[in-house]
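Visitor: Attaching a single structure in structure tokens format; questions to follow.
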Amino acid sequence: MVLNARFYFFFKESLIISMIFIGTNLIAQETLVLSLNDCVQKGLDYNYGVRQARNNTIASRSDNIAAFGAMLPQINANSGNFWNAGLTVDPVTNIIARVPLSSANAGLGFSTILFDGFQTMNSWRQAKVNTLIAKYDLDNTLNTVALNTASQYLSVLMAKEVLKVANEQLKVTDIGVSRLRKLNAAGAISPNELLQMEAQLARDEQRHLTAENSLGLSKLILAQGIGMKTNMFVISEIGLNELMEQPRIIRIRPEAIFASSMDIQPNVKAAQLRIESADFGLKATIAQRMPRLTMNGQISTSYSDQAIDIIYSDLQAIEIGYWLNSSGDNVSVYHPVEVRVPLGVESKTLETQLSENVRQYVGLNLSVPIFNGFQISNAIKRAKIGRMNAELQYEQEVDNFEQTVERSHADATSAWKQYIAAQKTVDASYKAFVDATIRRQEGTLTVYDYSSVQNTYLAAVSDALSAKYDAQFKAYILKFYMKSPLKSVQEN
């Protein structure tokens, strides 16, 4: 009994602590309300393709700087320390000896290209064009992600609308079942009518469950696209209005949309710039056949531990004759002469050698390619093929865009017609549903027939909702080619 009491106390205390911790987390966790622009921005920040495209723009700018730097003089400093044993040549004194030798050197050199057939210049121009290509590739990726996120956002809104319809219908059917149960209990109707209405309630419950699952899946897809959990946010409405007339964008011919928007499409601009980049690449490759003239120079000094200074004697006076003074004495005559009498040797200091061993040179180097195993010829041929492929890619991008505009225009037109037809079906089925409801209340219509009319009306409403969102979104896609699709969503 004591053990059970202790266990109960420990379990109760742990449960209280856990509930406090969970409650704190629930309070701290805030559910965000995200608009369409919020979702798009989060999608752009989260998408891996966008982040990679941004990194590619940074890398292309770095390549551009490096290509420009290749035209500037190259300056390098060098130094080294060496230890030798055995037969060695002193790099300072040029004495050959079998003594251990320690030597060092340091220098500062430069090299610059005077002429290379404009190879480095064209490589730099190509790098600048590649920087623009990377920017347009980023813009194209941003547009694609933004459009996909907007599509997922509208899918969630459509799923919410469908769920509302299913929920309302479930309430109506549930009220009808409750009413029939009372009538059946009073013996006013046959049990078969109640069973048919209960079957309709089961179908409506299934329809409601399907709508809930569809909403959950749509929100999950959106959440995965923006890098969030489904329980961390809800989306706000954007207030889509009923389509009273055909969108103006559909009334514009696809040829006019294509002609007015082709030059602003980032994928088309990138393909066009790739031709220019291939041109500069071809020029840079052809320049490899040209002579290459470079200038280089260096200032350097060195040190050796075997370098010595010989110590000589000072100036000495040597008697070269004499003369007689007034007293008749001989007076010696001396002449100062440098007598090279070595007295010893001493090692040269580091400072002395570094200043005495300084040397400079400047030179020109001319290189003329004569034969290189067909390497340059092959590179030129591949560069020409690369340019042809760039032209084909541009033509393909233009064709793809034209076909995309034509398909989008056809889809938008078809979606608009589908929406008009769906609205007519809703109007007709609603009148039939109202009439069936009255007849059912009067008892002149069976439950089975009433359920059939009701299901027809619900299917028409669901189809109309899908057609409404489909028509508006496909109109947005057409506007996307002429201006931002997000602005189009907000303007309408």
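Residues are named by chain letter and number: chains run A, B, ... in the order of the structure tokens, numbers start at 1 in each chain, and ligands are numbered from 1 in the order shown.
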Near A:Pro369, counting only C-alpha atoms, which residues have an atom at most 7 Å away, once you skip same-chain residues fewer than 2 positions from it, shown as a list of chain:residue names?

Guide: A:Arg289, A:Pro291, A:Ser367, A:Phe371

Visitor: Measuring atom to atom with only C-alpha atoms, identify which of A:Asn56, A:Thr404, A:Asn64, A:Ser347 is nearest to A:Phe480.

Guide: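 Among A:Asn56, A:Thr404, A:Asn64, A:Ser347, it is A:Thr404 that comes nearest to A:Phe480.
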
Visitor: Can you tell me, as a PDB file with C-alpha atoms, in the first residue's frame, what residues are no more than 9 Å from A:Phe68 when counting only C-alpha atoms, ignoring any on the same chain fewer than 3 positions away?

Guide:
ATOM      1  CA  ASP A  63      33.887  35.213 -61.728  1.00  0.00           C
ATOM      2  CA  ASN A  64      33.377  38.627 -63.294  1.00  0.00           C
ATOM      3  CA  ILE A  65      35.821  40.230 -60.852  1.00  0.00           C
ATOM      4  CA  MET A  71      43.894  41.860 -67.342  1.00  0.00           C
ATOM      5  CA  LEU A  72      45.768  43.574 -64.499  1.00  0.00           C
ATOM      6  CA  THR A 120      41.430  38.114 -71.603  1.00  0.00           C
ATOM      7  CA  MET A 121      39.297  41.066 -72.736  1.00  0.00           C
ATOM      8  CA  SER A 123      36.801  36.439 -71.399  1.00  0.00           C
ATOM      9  CA  TRP A 124      35.942  39.401 -69.179  1.00  0.00           C
ATOM     10  CA  ARG A 125      33.103  40.432 -71.492  1.00  0.00           C
ATOM     11  CA  ALA A 127      31.922  36.901 -67.604  1.00  0.00           C
TER      12      ALA A 127
END

Visitor: Restricting the calculation to only C-alpha atoms, which member of A:Leu180, A:Val362, A:Ile286, A:Ala428 is positioned closest to A:Lys384?

Guide: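 Going through A:Leu180, A:Val362, A:Ile286, A:Ala428 one by one, the smallest distance to A:Lys384 is for A:Ile286.
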
Visitor: So, with only C-alpha atoms as the atoms that count, which of A:Gly281, A:Gly80, A:Gly109, A:Gly176 lies closest to A:Ile385?

Guide: A:Gly281

Visitor: With the cut-off set at 12 Å and counting only C-alpha atoms, tabulate each residue of stretch 227-328 of chain A with an atom at most that distance from an atom of stretch 129-143 of chain A, showing the nearest atom pair and its distance in Å to one decimal, ordered by chain and increasing number, as a Markdown table.

Guide:
| residue | atom | partner | partner_atom | distance |
| --- | --- | --- | --- | --- |
| A:Ile264 | CA | A:Tyr136 | CA | 10.1 |
| A:Gln265 | CA | A:Asn140 | CA | 7.8 |
| A:Pro266 | CA | A:Tyr136 | CA | 4.9 |
| A:Asn267 | CA | A:Asn140 | CA | 5.9 |
| A:Val268 | CA | A:Tyr136 | CA | 8.8 |
| A:Lys269 | CA | A:Tyr136 | CA | 6.9 |
| A:Ala270 | CA | A:Ile133 | CA | 4.9 |
| A:Ala271 | CA | A:Ile133 | CA | 8.0 |
| A:Gln272 | CA | A:Ile133 | CA | 9.0 |
| A:Leu273 | CA | A:Ile133 | CA | 6.4 |
| A:Arg274 | CA | A:Ile133 | CA | 7.1 |
| A:Ile275 | CA | A:Val129 | CA | 9.7 |
| A:Glu276 | CA | A:Val129 | CA | 7.3 |
| A:Ser277 | CA | A:Val129 | CA | 5.8 |
| A:Ala278 | CA | A:Val129 | CA | 9.6 |
| A:Asp279 | CA | A:Val129 | CA | 10.5 |
| A:Phe280 | CA | A:Val129 | CA | 9.1 |
| A:Gly281 | CA | A:Val129 | CA | 10.6 |

Visitor: Include C-alpha atoms and write out the residues we just selected as a compact mmCIF listing (two decimals), in the first residue's frame.

Guide:
# COMPACT_ATOMS: atom_id res chain seq x y z
CA ILE A 264 10.44 40.80 -70.72
CA GLN A 265 10.49 37.08 -70.05
CA PRO A 266 13.62 36.21 -68.01
CA ASN A 267 14.07 32.77 -69.55
CA VAL A 268 13.95 34.25 -73.07
CA LYS A 269 16.34 37.06 -72.09
CA ALA A 270 18.73 34.53 -70.54
CA ALA A 271 18.68 32.40 -73.71
CA GLN A 272 19.35 35.50 -75.82
CA LEU A 273 22.31 36.48 -73.64
CA ARG A 274 23.74 32.96 -73.87
CA ILE A 275 24.25 33.60 -77.60
CA GLU A 276 26.21 36.75 -76.76
CA SER A 277 28.20 34.84 -74.16
CA ALA A 278 28.99 32.15 -76.71
CA ASP A 279 30.20 34.84 -79.14
CA PHE A 280 32.69 36.20 -76.62
CA GLY A 281 33.76 32.67 -75.74

Visitor: Residues at most 6 Å from stretch 456-461 of chain A, counting only C-alpha atoms, excluding those fewer than 2 positions away in the same chain, as a list of chain:residue names?

Guide: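 Contacts, with the query itself left out: A:Val426, A:Ser429, A:Val453, A:Gln454, A:Asp463, A:Ala464.
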
Visitor: Please provide as a VMD selection string all residues within 8 Å of A:Met482, with the sequence filter that same-chain residues fewer than 2 positions apart are discarded (counting only C-alpha atoms).

Guide: chain A and resid 257 260 to 261 478 to 480 484
